[in-house]
2 protein chains.
Amino acid sequence: MPGAGDGQPVSADFFDVARRQRACRGFRPDPVDDDTLARLLETATRAPSAENTQPWVFVVVRHPERRAAIGALTARAWDQGGRAHSEGRLAPALLEDVERGAIGGVADAPVLVVVCGDARLTVAAALGPSVYPAVQNLLLAATAVGLGSALTTLPLVFGSELAALVELPEGVTPFAVVPLGWPARVYGPSRRRPLSDTAFREVYGAPWAGAGGL
Amino acid sequence: MPGAGDGQPVSADFFDVARRQRACRGFRPDPVDDDTLARLLETATRAPSAENTQPWVFVVVRHPERRAAIGALTARAWDQGGRAHSEGRLAPALLEDVERGAIGGVADAPVLVVVCGDARLTVAAALGPSVYPAVQNLLLAATAVGLGSALTTLPLVFGSELAALVELPEGVTPFAVVPLGWPARVYGPSRRRPLSDTAFREVYGAPWAGAGGL
């Protein structure tokens with residue numbers, strides 16, 4: 001039973017799943033079966049897309065050498081700019097977690113899904129708004145069954161090398177690498193800025209709450 | 001009770017919500033209350049973001065004149081290129097639905113959420129991967145409570161005019177306009193290309209299913 005491995009009951013209530021979603025950067029080696037993966041990928045394809053063109057592509061990587069090669073790209077991107085960018089921006093504990101993920105933890109996941117956009121199906125500007133909602137569905141579906149996951153973009157720094165590793169044709173480019181596996185540790189609930197910081201009424205800066213409404 | 005208005009029971013099971021999500025472009029005028037909106041927006045902020053910078057901004061527009069102004073931008077974008085682009089690409093029924101939405105249906109929603117990215121919080125390249133997952137959470141949350149919604153980008157053709165309408169400061173730019181309201185009609189389940197078209201094993205083009213695995 002998915003999720004039973006960590007001894008925790010898993011709820012599939014959408015609002016609960018959304019609250020439980022966390023970036024997981026450390027995985028147990030236990031495999032993820034094809035049926036579970038197919039369920040997750042099918043759910044990803046339920047996302048909306050520009051003109052319903054569905055320009056997403058999922059390359060499911062399990063082979064240890066290919067995962068290691070993607071991991072090496074990620075570690076290189078971290079060494080050649082990622083760490084320097086994040087130092088001083090991230091709290092020490094998060095920086096340490098991100099670093100552990102970048103230099104090996106992410107590639108240790110038994111499955112890496114290279115999520116791509118296919119520019120042969122729609123205009124380039126429509127790819128992000130079409131591919132990232134599908135990525136989010138994939139992450140939520142993973143959370144719903146108790147799998148750990150994350151949206152990583154660090155390996156895109158070497159996008160053409162990543163494309164070569166999974167043999168993408170002309171016009172198909174990587175948008176994210178999503179590790180999937182059983183989480184190595186239990187995560188607490190996510191923390192977020194309050195809505196008063198990010199939601200406004202009618203115009204930017206006008207308080208969302210307590211202002212009445214139409 | 002949310003969703004009770006259309007007489008249909010509403011399930012919040014994540015996989016069911018994902019399957020029910022459809023782009024809604026026609027709305028009833030009934031209002032959407034603040035508590036429901038706050039729940040949807042709070043759920044949107046549960047999405048992942050680059051370095052957990054949470055660079056999303058939600059401007060909730062209810063005022064009829066401002067909604068009409070956003071609707072006018074959308075209709076202009078449709079007239080000045082949108083229709084020409086979509087004609088011949090979309091099936092007649094979908095083209096008609098998109099056109100009805102573009103020339104007024106979307107702006108008829110009682111709420112338009114202008115979802116923006118704040119480049120003061122992260123690098124520009126990280127905004128799409130950070131904002132669109134939050135948009136998808138917003139759409140799924142709407143679906144979970146029975147509200148209609150859609151991810152529209154057509155008004156972004158006139159992004160600086162849209163920014164002016166909701167008084168965005170320098171560095172904050174619109175990424176989507178999401179109409180929210182009770183749907184004018186019942187939608188059937190979404191249709192998608194089969195996984196065999198979009199999911200591959202190890203490298204692009206290698207059949208996902210039936211190839212065994214590691």
# chains A, B, ... in the order shown; residues from 1 in each chain; ligands from 1

call {"tool": "residues_around", "arguments": {"residues": "Ala206 of chain A", "least_positions_apart": "4", "cutoff": "10 Å", "atoms": "only C-alpha atoms", "output": "number ranges by chain"}}
result
A: 196, 199-202, 211; B: 59, 167

call {"tool": "write_last_selection", "arguments": {"atoms": "N, CA and C atoms", "output": "PDB file, in the first residue's frame"}}
result
ATOM      1  N   SER A 196      -1.911  38.312   4.251  1.00  0.00           N
ATOM      2  CA  SER A 196      -1.890  39.787   4.244  1.00  0.00           C
ATOM      3  C   SER A 196      -0.657  40.333   3.530  1.00  0.00           C
ATOM      4  N   ALA A 199      -1.725  38.883  -0.681  1.00  0.00           N
ATOM      5  CA  ALA A 199      -3.040  39.027  -1.329  1.00  0.00           C
ATOM      6  C   ALA A 199      -3.595  40.422  -1.064  1.00  0.00           C
ATOM      7  N   PHE A 200      -4.091  41.031  -2.130  1.00  0.00           N
ATOM      8  CA  PHE A 200      -4.581  42.407  -2.024  1.00  0.00           C
ATOM      9  C   PHE A 200      -5.962  42.510  -2.644  1.00  0.00           C
ATOM     10  N   ARG A 201      -6.658  43.591  -2.273  1.00  0.00           N
ATOM     11  CA  ARG A 201      -8.024  43.787  -2.730  1.00  0.00           C
ATOM     12  C   ARG A 201      -8.076  44.904  -3.764  1.00  0.00           C
ATOM     13  N   GLU A 202      -8.447  44.564  -4.964  1.00  0.00           N
ATOM     14  CA  GLU A 202      -8.626  45.521  -6.081  1.00  0.00           C
ATOM     15  C   GLU A 202      -7.299  46.040  -6.656  1.00  0.00           C
ATOM     16  N   ALA A 211     -11.469  44.887   4.920  1.00  0.00           N
ATOM     17  CA  ALA A 211     -11.807  46.100   4.179  1.00  0.00           C
ATOM     18  C   ALA A 211     -13.242  46.061   3.666  1.00  0.00           C
TER      19      ALA A 211
ATOM     20  N   VAL B  59      -3.931  39.751  -6.667  1.00  0.00           N
ATOM     21  CA  VAL B  59      -4.797  40.928  -6.560  1.00  0.00           C
ATOM     22  C   VAL B  59      -6.217  40.474  -6.907  1.00  0.00           C
ATOM     23  N   GLU B 167      -2.466  48.532 -10.320  1.00  0.00           N
ATOM     24  CA  GLU B 167      -1.462  49.367  -9.649  1.00  0.00           C
ATOM     25  C   GLU B 167      -0.267  48.573  -9.125  1.00  0.00           C
TER      26      GLU B 167
END

call {"tool": "select_by_dssp", "arguments": {"residues": "chain B", "states": "alpha helix (DSSP H)", "output": "PDB file with N, CA and C atoms, in the first residue's frame"}}
result
ATOM      1  N   PHE B  14      -8.278  14.355  -3.674  1.00  0.00           N
ATOM      2  CA  PHE B  14      -7.371  15.007  -4.608  1.00  0.00           C
ATOM      3  C   PHE B  14      -7.467  14.439  -6.017  1.00  0.00           C
ATOM      4  N   PHE B  15      -7.438  13.124  -6.146  1.00  0.00           N
ATOM      5  CA  PHE B  15      -7.418  12.536  -7.490  1.00  0.00           C
ATOM      6  C   PHE B  15      -8.729  12.833  -8.227  1.00  0.00           C
ATOM      7  N   ASP B  16      -9.812  12.880  -7.469  1.00  0.00           N
ATOM      8  CA  ASP B  16     -11.097  13.223  -8.063  1.00  0.00           C
ATOM      9  C   ASP B  16     -11.116  14.698  -8.487  1.00  0.00           C
ATOM     10  N   VAL B  17     -10.583  15.561  -7.634  1.00  0.00           N
ATOM     11  CA  VAL B  17     -10.514  16.993  -7.957  1.00  0.00           C
ATOM     12  C   VAL B  17      -9.691  17.203  -9.227  1.00  0.00           C
ATOM     13  N   ALA B  18      -8.548  16.532  -9.309  1.00  0.00           N
ATOM     14  CA  ALA B  18      -7.678  16.686 -10.485  1.00  0.00           C
ATOM     15  C   ALA B  18      -8.402  16.267 -11.756  1.00  0.00           C
ATOM     16  N   ARG B  19      -9.190  15.192 -11.656  1.00  0.00           N
ATOM     17  CA  ARG B  19      -9.922  14.726 -12.845  1.00  0.00           C
ATOM     18  C   ARG B  19     -11.068  15.652 -13.209  1.00  0.00           C
ATOM     19  N   ARG B  20     -11.646  16.323 -12.204  1.00  0.00           N
ATOM     20  CA  ARG B  20     -12.784  17.202 -12.472  1.00  0.00           C
ATOM     21  C   ARG B  20     -12.373  18.571 -12.982  1.00  0.00           C
ATOM     22  N   ASP B  34     -15.832  35.996   0.952  1.00  0.00           N
ATOM     23  CA  ASP B  34     -14.437  36.209   1.337  1.00  0.00           C
ATOM     24  C   ASP B  34     -13.812  34.998   2.018  1.00  0.00           C
ATOM     25  N   ASP B  35     -14.575  34.295   2.850  1.00  0.00           N
ATOM     26  CA  ASP B  35     -14.003  33.140   3.554  1.00  0.00           C
ATOM     27  C   ASP B  35     -13.571  32.067   2.561  1.00  0.00           C
ATOM     28  N   THR B  36     -14.420  31.837   1.556  1.00  0.00           N
ATOM     29  CA  THR B  36     -14.065  30.847   0.537  1.00  0.00           C
ATOM     30  C   THR B  36     -12.823  31.302  -0.221  1.00  0.00           C
ATOM     31  N   LEU B  37     -12.801  32.577  -0.613  1.00  0.00           N
ATOM     32  CA  LEU B  37     -11.643  33.106  -1.340  1.00  0.00           C
ATOM     33  C   LEU B  37     -10.372  32.986  -0.512  1.00  0.00           C
ATOM     34  N   ALA B  38     -10.469  33.316   0.771  1.00  0.00           N
ATOM     35  CA  ALA B  38      -9.284  33.236   1.632  1.00  0.00           C
ATOM     36  C   ALA B  38      -8.782  31.804   1.703  1.00  0.00           C
ATOM     37  N   ARG B  39      -9.710  30.849   1.756  1.00  0.00           N
ATOM     38  CA  ARG B  39      -9.299  29.439   1.806  1.00  0.00           C
ATOM     39  C   ARG B  39      -8.571  29.052   0.511  1.00  0.00           C
ATOM     40  N   LEU B  40      -9.091  29.527  -0.617  1.00  0.00           N
ATOM     41  CA  LEU B  40      -8.463  29.218  -1.909  1.00  0.00           C
ATOM     42  C   LEU B  40      -7.071  29.850  -2.001  1.00  0.00           C
ATOM     43  N   LEU B  41      -6.982  31.105  -1.592  1.00  0.00           N
ATOM     44  CA  LEU B  41      -5.694  31.808  -1.703  1.00  0.00           C
ATOM     45  C   LEU B  41      -4.663  31.216  -0.739  1.00  0.00           C
ATOM     46  N   GLU B  42      -5.114  30.869   0.451  1.00  0.00           N
ATOM     47  CA  GLU B  42      -4.181  30.259   1.417  1.00  0.00           C
ATOM     48  C   GLU B  42      -3.659  28.949   0.846  1.00  0.00           C
ATOM     49  N   THR B  43      -4.524  28.209   0.180  1.00  0.00           N
ATOM     50  CA  THR B  43      -4.097  26.950  -0.429  1.00  0.00           C
ATOM     51  C   THR B  43      -3.105  27.216  -1.565  1.00  0.00           C
ATOM     52  N   ALA B  44      -3.330  28.279  -2.308  1.00  0.00           N
ATOM     53  CA  ALA B  44      -2.384  28.633  -3.381  1.00  0.00           C
ATOM     54  C   ALA B  44      -0.983  28.839  -2.811  1.00  0.00           C
ATOM     55  N   PRO B  64     -16.895  45.993 -10.538  1.00  0.00           N
ATOM     56  CA  PRO B  64     -17.381  45.764 -11.911  1.00  0.00           C
ATOM     57  C   PRO B  64     -16.611  46.553 -12.966  1.00  0.00           C
ATOM     58  N   GLU B  65     -16.273  47.810 -12.668  1.00  0.00           N
ATOM     59  CA  GLU B  65     -15.567  48.598 -13.688  1.00  0.00           C
ATOM     60  C   GLU B  65     -14.164  48.036 -13.949  1.00  0.00           C
ATOM     61  N   ARG B  66     -13.494  47.609 -12.886  1.00  0.00           N
ATOM     62  CA  ARG B  66     -12.136  47.073 -13.080  1.00  0.00           C
ATOM     63  C   ARG B  66     -12.192  45.731 -13.801  1.00  0.00           C
ATOM     64  N   ARG B  67     -13.193  44.917 -13.463  1.00  0.00           N
ATOM     65  CA  ARG B  67     -13.355  43.647 -14.180  1.00  0.00           C
ATOM     66  C   ARG B  67     -13.644  43.911 -15.654  1.00  0.00           C
ATOM     67  N   ALA B  68     -14.471  44.900 -15.921  1.00  0.00           N
ATOM     68  CA  ALA B  68     -14.792  45.211 -17.320  1.00  0.00           C
ATOM     69  C   ALA B  68     -13.550  45.692 -18.067  1.00  0.00           C
ATOM     70  N   ALA B  69     -12.707  46.451 -17.379  1.00  0.00           N
ATOM     71  CA  ALA B  69     -11.483  46.946 -18.017  1.00  0.00           C
ATOM     72  C   ALA B  69     -10.544  45.784 -18.352  1.00  0.00           C
ATOM     73  N   ILE B  70     -10.439  44.826 -17.433  1.00  0.00           N
ATOM     74  CA  ILE B  70      -9.614  43.645 -17.713  1.00  0.00           C
ATOM     75  C   ILE B  70     -10.243  42.841 -18.845  1.00  0.00           C
ATOM     76  N   GLY B  71     -11.572  42.764 -18.836  1.00  0.00           N
ATOM     77  CA  GLY B  71     -12.271  42.086 -19.919  1.00  0.00           C
ATOM     78  C   GLY B  71     -12.026  42.747 -21.259  1.00  0.00           C
ATOM     79  N   ALA B  72     -11.958  44.080 -21.253  1.00  0.00           N
ATOM     80  CA  ALA B  72     -11.717  44.802 -22.506  1.00  0.00           C
ATOM     81  C   ALA B  72     -10.308  44.509 -23.039  1.00  0.00           C
ATOM     82  N   LEU B  73      -9.328  44.417 -22.126  1.00  0.00           N
ATOM     83  CA  LEU B  73      -7.969  44.046 -22.551  1.00  0.00           C
ATOM     84  C   LEU B  73      -7.968  42.663 -23.187  1.00  0.00           C
ATOM     85  N   THR B  74      -8.708  41.751 -22.538  1.00  0.00           N
ATOM     86  CA  THR B  74      -8.759  40.375 -23.030  1.00  0.00           C
ATOM     87  C   THR B  74      -9.397  40.329 -24.412  1.00  0.00           C
ATOM     88  N   ALA B  75     -10.500  41.037 -24.574  1.00  0.00           N
ATOM     89  CA  ALA B  75     -11.193  41.055 -25.864  1.00  0.00           C
ATOM     90  C   ALA B  75     -10.309  41.672 -26.952  1.00  0.00           C
ATOM     91  N   ARG B  76      -9.560  42.713 -26.568  1.00  0.00           N
ATOM     92  CA  ARG B  76      -8.661  43.350 -27.535  1.00  0.00           C
ATOM     93  C   ARG B  76      -7.558  42.375 -27.964  1.00  0.00           C
ATOM     94  N   ALA B  77      -7.000  41.634 -26.986  1.00  0.00           N
ATOM     95  CA  ALA B  77      -5.951  40.654 -27.306  1.00  0.00           C
ATOM     96  C   ALA B  77      -6.501  39.560 -28.222  1.00  0.00           C
ATOM     97  N   ARG B  83      -7.544  35.365 -31.882  1.00  0.00           N
ATOM     98  CA  ARG B  83      -8.436  34.575 -32.721  1.00  0.00           C
ATOM     99  C   ARG B  83      -7.687  34.018 -33.931  1.00  0.00           C
ATOM    100  N   ALA B  84      -6.895  34.877 -34.553  1.00  0.00           N
ATOM    101  CA  ALA B  84      -6.149  34.442 -35.743  1.00  0.00           C
ATOM    102  C   ALA B  84      -5.220  33.284 -35.413  1.00  0.00           C
ATOM    103  N   HIS B  85      -4.618  33.345 -34.203  1.00  0.00           N
ATOM    104  CA  HIS B  85      -3.712  32.277 -33.801  1.00  0.00           C
ATOM    105  C   HIS B  85      -4.465  30.967 -33.574  1.00  0.00           C
ATOM    106  N   SER B  86      -5.652  31.066 -32.993  1.00  0.00           N
ATOM    107  CA  SER B  86      -6.366  29.855 -32.563  1.00  0.00           C
ATOM    108  C   SER B  86      -7.209  29.232 -33.674  1.00  0.00           C
ATOM    109  N   PRO B  92     -13.831  23.416 -33.578  1.00  0.00           N
ATOM    110  CA  PRO B  92     -14.831  24.494 -33.601  1.00  0.00           C
ATOM    111  C   PRO B  92     -15.510  24.732 -32.255  1.00  0.00           C
ATOM    112  N   ALA B  93     -15.878  23.675 -31.539  1.00  0.00           N
ATOM    113  CA  ALA B  93     -16.599  23.857 -30.270  1.00  0.00           C
ATOM    114  C   ALA B  93     -15.706  24.542 -29.231  1.00  0.00           C
ATOM    115  N   LEU B  94     -14.424  24.142 -29.183  1.00  0.00           N
ATOM    116  CA  LEU B  94     -13.512  24.758 -28.219  1.00  0.00           C
ATOM    117  C   LEU B  94     -13.224  26.198 -28.612  1.00  0.00           C
ATOM    118  N   LEU B  95     -13.049  26.443 -29.913  1.00  0.00           N
ATOM    119  CA  LEU B  95     -12.807  27.812 -30.384  1.00  0.00           C
ATOM    120  C   LEU B  95     -13.953  28.725 -29.976  1.00  0.00           C
ATOM    121  N   GLU B  96     -15.174  28.220 -30.137  1.00  0.00           N
ATOM    122  CA  GLU B  96     -16.357  29.017 -29.789  1.00  0.00           C
ATOM    123  C   GLU B  96     -16.381  29.307 -28.288  1.00  0.00           C
ATOM    124  N   ASP B  97     -16.043  28.299 -27.465  1.00  0.00           N
ATOM    125  CA  ASP B  97     -16.035  28.477 -26.016  1.00  0.00           C
ATOM    126  C   ASP B  97     -14.953  29.486 -25.613  1.00  0.00           C
ATOM    127  N   VAL B  98     -13.770  29.359 -26.219  1.00  0.00           N
ATOM    128  CA  VAL B  98     -12.672  30.276 -25.905  1.00  0.00           C
ATOM    129  C   VAL B  98     -13.060  31.698 -26.322  1.00  0.00           C
ATOM    130  N   GLU B  99     -13.672  31.824 -27.498  1.00  0.00           N
ATOM    131  CA  GLU B  99     -14.081  33.154 -27.966  1.00  0.00           C
ATOM    132  C   GLU B  99     -15.126  33.772 -27.040  1.00  0.00           C
ATOM    133  N   ARG B 100     -16.115  32.973 -26.664  1.00  0.00           N
ATOM    134  CA  ARG B 100     -17.130  33.491 -25.742  1.00  0.00           C
ATOM    135  C   ARG B 100     -16.489  33.957 -24.449  1.00  0.00           C
ATOM    136  N   LEU B 127      10.550  32.829 -11.546  1.00  0.00           N
ATOM    137  CA  LEU B 127       9.171  33.254 -11.290  1.00  0.00           C
ATOM    138  C   LEU B 127       8.138  32.272 -11.860  1.00  0.00           C
ATOM    139  N   GLY B 128       8.314  31.867 -13.112  1.00  0.00           N
ATOM    140  CA  GLY B 128       7.356  30.923 -13.706  1.00  0.00           C
ATOM    141  C   GLY B 128       7.229  29.642 -12.899  1.00  0.00           C
ATOM    142  N   PRO B 129       8.371  28.976 -12.606  1.00  0.00           N
ATOM    143  CA  PRO B 129       8.303  27.740 -11.815  1.00  0.00           C
ATOM    144  C   PRO B 129       7.765  27.948 -10.401  1.00  0.00           C
ATOM    145  N   SER B 130       7.723  29.196  -9.932  1.00  0.00           N
ATOM    146  CA  SER B 130       7.225  29.469  -8.577  1.00  0.00           C
ATOM    147  C   SER B 130       5.778  29.929  -8.575  1.00  0.00           C
ATOM    148  N   VAL B 131       5.378  30.659  -9.619  1.00  0.00           N
ATOM    149  CA  VAL B 131       4.028  31.236  -9.633  1.00  0.00           C
ATOM    150  C   VAL B 131       2.991  30.247 -10.198  1.00  0.00           C
ATOM    151  N   TYR B 132       3.345  29.512 -11.261  1.00  0.00           N
ATOM    152  CA  TYR B 132       2.326  28.658 -11.883  1.00  0.00           C
ATOM    153  C   TYR B 132       1.900  27.472 -11.010  1.00  0.00           C
ATOM    154  N   PRO B 133       2.791  26.889 -10.195  1.00  0.00           N
ATOM    155  CA  PRO B 133       2.281  25.879  -9.246  1.00  0.00           C
ATOM    156  C   PRO B 133       1.258  26.468  -8.267  1.00  0.00           C
ATOM    157  N   ALA B 134       1.468  27.708  -7.844  1.00  0.00           N
ATOM    158  CA  ALA B 134       0.490  28.354  -6.958  1.00  0.00           C
ATOM    159  C   ALA B 134      -0.828  28.586  -7.694  1.00  0.00           C
ATOM    160  N   VAL B 135      -0.742  28.962  -8.968  1.00  0.00           N
ATOM    161  CA  VAL B 135      -1.960  29.116  -9.773  1.00  0.00           C
ATOM    162  C   VAL B 135      -2.711  27.787  -9.845  1.00  0.00           C
ATOM    163  N   GLN B 136      -1.952  26.712 -10.072  1.00  0.00           N
ATOM    164  CA  GLN B 136      -2.607  25.404 -10.165  1.00  0.00           C
ATOM    165  C   GLN B 136      -3.272  25.028  -8.846  1.00  0.00           C
ATOM    166  N   ASN B 137      -2.613  25.315  -7.715  1.00  0.00           N
ATOM    167  CA  ASN B 137      -3.270  25.082  -6.425  1.00  0.00           C
ATOM    168  C   ASN B 137      -4.572  25.870  -6.315  1.00  0.00           C
ATOM    169  N   LEU B 138      -4.532  27.113  -6.785  1.00  0.00           N
ATOM    170  CA  LEU B 138      -5.738  27.950  -6.738  1.00  0.00           C
ATOM    171  C   LEU B 138      -6.868  27.327  -7.561  1.00  0.00           C
ATOM    172  N   LEU B 139      -6.534  26.844  -8.757  1.00  0.00           N
ATOM    173  CA  LEU B 139      -7.539  26.240  -9.632  1.00  0.00           C
ATOM    174  C   LEU B 139      -8.090  24.949  -9.031  1.00  0.00           C
ATOM    175  N   LEU B 140      -7.195  24.133  -8.460  1.00  0.00           N
ATOM    176  CA  LEU B 140      -7.643  22.880  -7.843  1.00  0.00           C
ATOM    177  C   LEU B 140      -8.519  23.160  -6.625  1.00  0.00           C
ATOM    178  N   ALA B 141      -8.129  24.154  -5.833  1.00  0.00           N
ATOM    179  CA  ALA B 141      -8.929  24.490  -4.649  1.00  0.00           C
ATOM    180  C   ALA B 141     -10.317  24.957  -5.071  1.00  0.00           C
ATOM    181  N   ALA B 142     -10.373  25.763  -6.139  1.00  0.00           N
ATOM    182  CA  ALA B 142     -11.673  26.196  -6.665  1.00  0.00           C
ATOM    183  C   ALA B 142     -12.502  24.984  -7.079  1.00  0.00           C
ATOM    184  N   THR B 143     -11.878  24.069  -7.799  1.00  0.00           N
ATOM    185  CA  THR B 143     -12.580  22.863  -8.236  1.00  0.00           C
ATOM    186  C   THR B 143     -13.070  22.058  -7.038  1.00  0.00           C
ATOM    187  N   ALA B 144     -12.234  21.989  -6.004  1.00  0.00           N
ATOM    188  CA  ALA B 144     -12.587  21.188  -4.824  1.00  0.00           C
ATOM    189  C   ALA B 144     -13.863  21.693  -4.159  1.00  0.00           C
ATOM    190  N   GLY B 159       0.262  43.443 -20.928  1.00  0.00           N
ATOM    191  CA  GLY B 159       0.685  43.287 -19.542  1.00  0.00           C
ATOM    192  C   GLY B 159       0.872  44.594 -18.800  1.00  0.00           C
ATOM    193  N   SER B 160       1.418  45.609 -19.496  1.00  0.00           N
ATOM    194  CA  SER B 160       1.673  46.852 -18.751  1.00  0.00           C
ATOM    195  C   SER B 160       0.359  47.586 -18.466  1.00  0.00           C
ATOM    196  N   GLU B 161      -0.614  47.443 -19.371  1.00  0.00           N
ATOM    197  CA  GLU B 161      -1.938  48.039 -19.080  1.00  0.00           C
ATOM    198  C   GLU B 161      -2.624  47.304 -17.937  1.00  0.00           C
ATOM    199  N   LEU B 162      -2.494  45.982 -17.942  1.00  0.00           N
ATOM    200  CA  LEU B 162      -3.067  45.189 -16.854  1.00  0.00           C
ATOM    201  C   LEU B 162      -2.405  45.571 -15.532  1.00  0.00           C
ATOM    202  N   ALA B 163      -1.078  45.712 -15.557  1.00  0.00           N
ATOM    203  CA  ALA B 163      -0.347  46.098 -14.339  1.00  0.00           C
ATOM    204  C   ALA B 163      -0.832  47.444 -13.818  1.00  0.00           C
ATOM    205  N   ALA B 164      -1.084  48.365 -14.749  1.00  0.00           N
ATOM    206  CA  ALA B 164      -1.554  49.688 -14.332  1.00  0.00           C
ATOM    207  C   ALA B 164      -2.943  49.608 -13.698  1.00  0.00           C
ATOM    208  N   LEU B 165      -3.799  48.743 -14.251  1.00  0.00           N
ATOM    209  CA  LEU B 165      -5.170  48.628 -13.737  1.00  0.00           C
ATOM    210  C   LEU B 165      -5.208  48.183 -12.279  1.00  0.00           C
ATOM    211  N   LEU B 195      -1.110   8.399 -21.879  1.00  0.00           N
ATOM    212  CA  LEU B 195       0.245   8.499 -21.323  1.00  0.00           C
ATOM    213  C   LEU B 195       1.296   8.008 -22.312  1.00  0.00           C
ATOM    214  N   SER B 196       0.910   7.053 -23.158  1.00  0.00           N
ATOM    215  CA  SER B 196       1.895   6.507 -24.107  1.00  0.00           C
ATOM    216  C   SER B 196       2.401   7.582 -25.068  1.00  0.00           C
ATOM    217  N   ASP B 197       1.635   8.682 -25.215  1.00  0.00           N
ATOM    218  CA  ASP B 197       2.060   9.786 -26.094  1.00  0.00           C
ATOM    219  C   ASP B 197       3.060  10.717 -25.418  1.00  0.00           C
ATOM    220  N   THR B 198       3.010  10.794 -24.099  1.00  0.00           N
ATOM    221  CA  THR B 198       3.737  11.870 -23.427  1.00  0.00           C
ATOM    222  C   THR B 198       4.711  11.385 -22.356  1.00  0.00           C
TER     223      THR B 198
END

call {"tool": "select_by_dssp", "arguments": {"residues": "segment 79-126 of chain B", "states": "strand (DSSP E or B)", "output": "ChimeraX atom specification"}}
result
/B:111-118

call {"tool": "residues_around", "arguments": {"residues": "segment 111-124 of chain A", "least_positions_apart": "5", "cutoff": "6 Å", "atoms": "only C-alpha atoms", "output": "PyMOL selection string"}}
result
chain A and resi 55-62+171-180
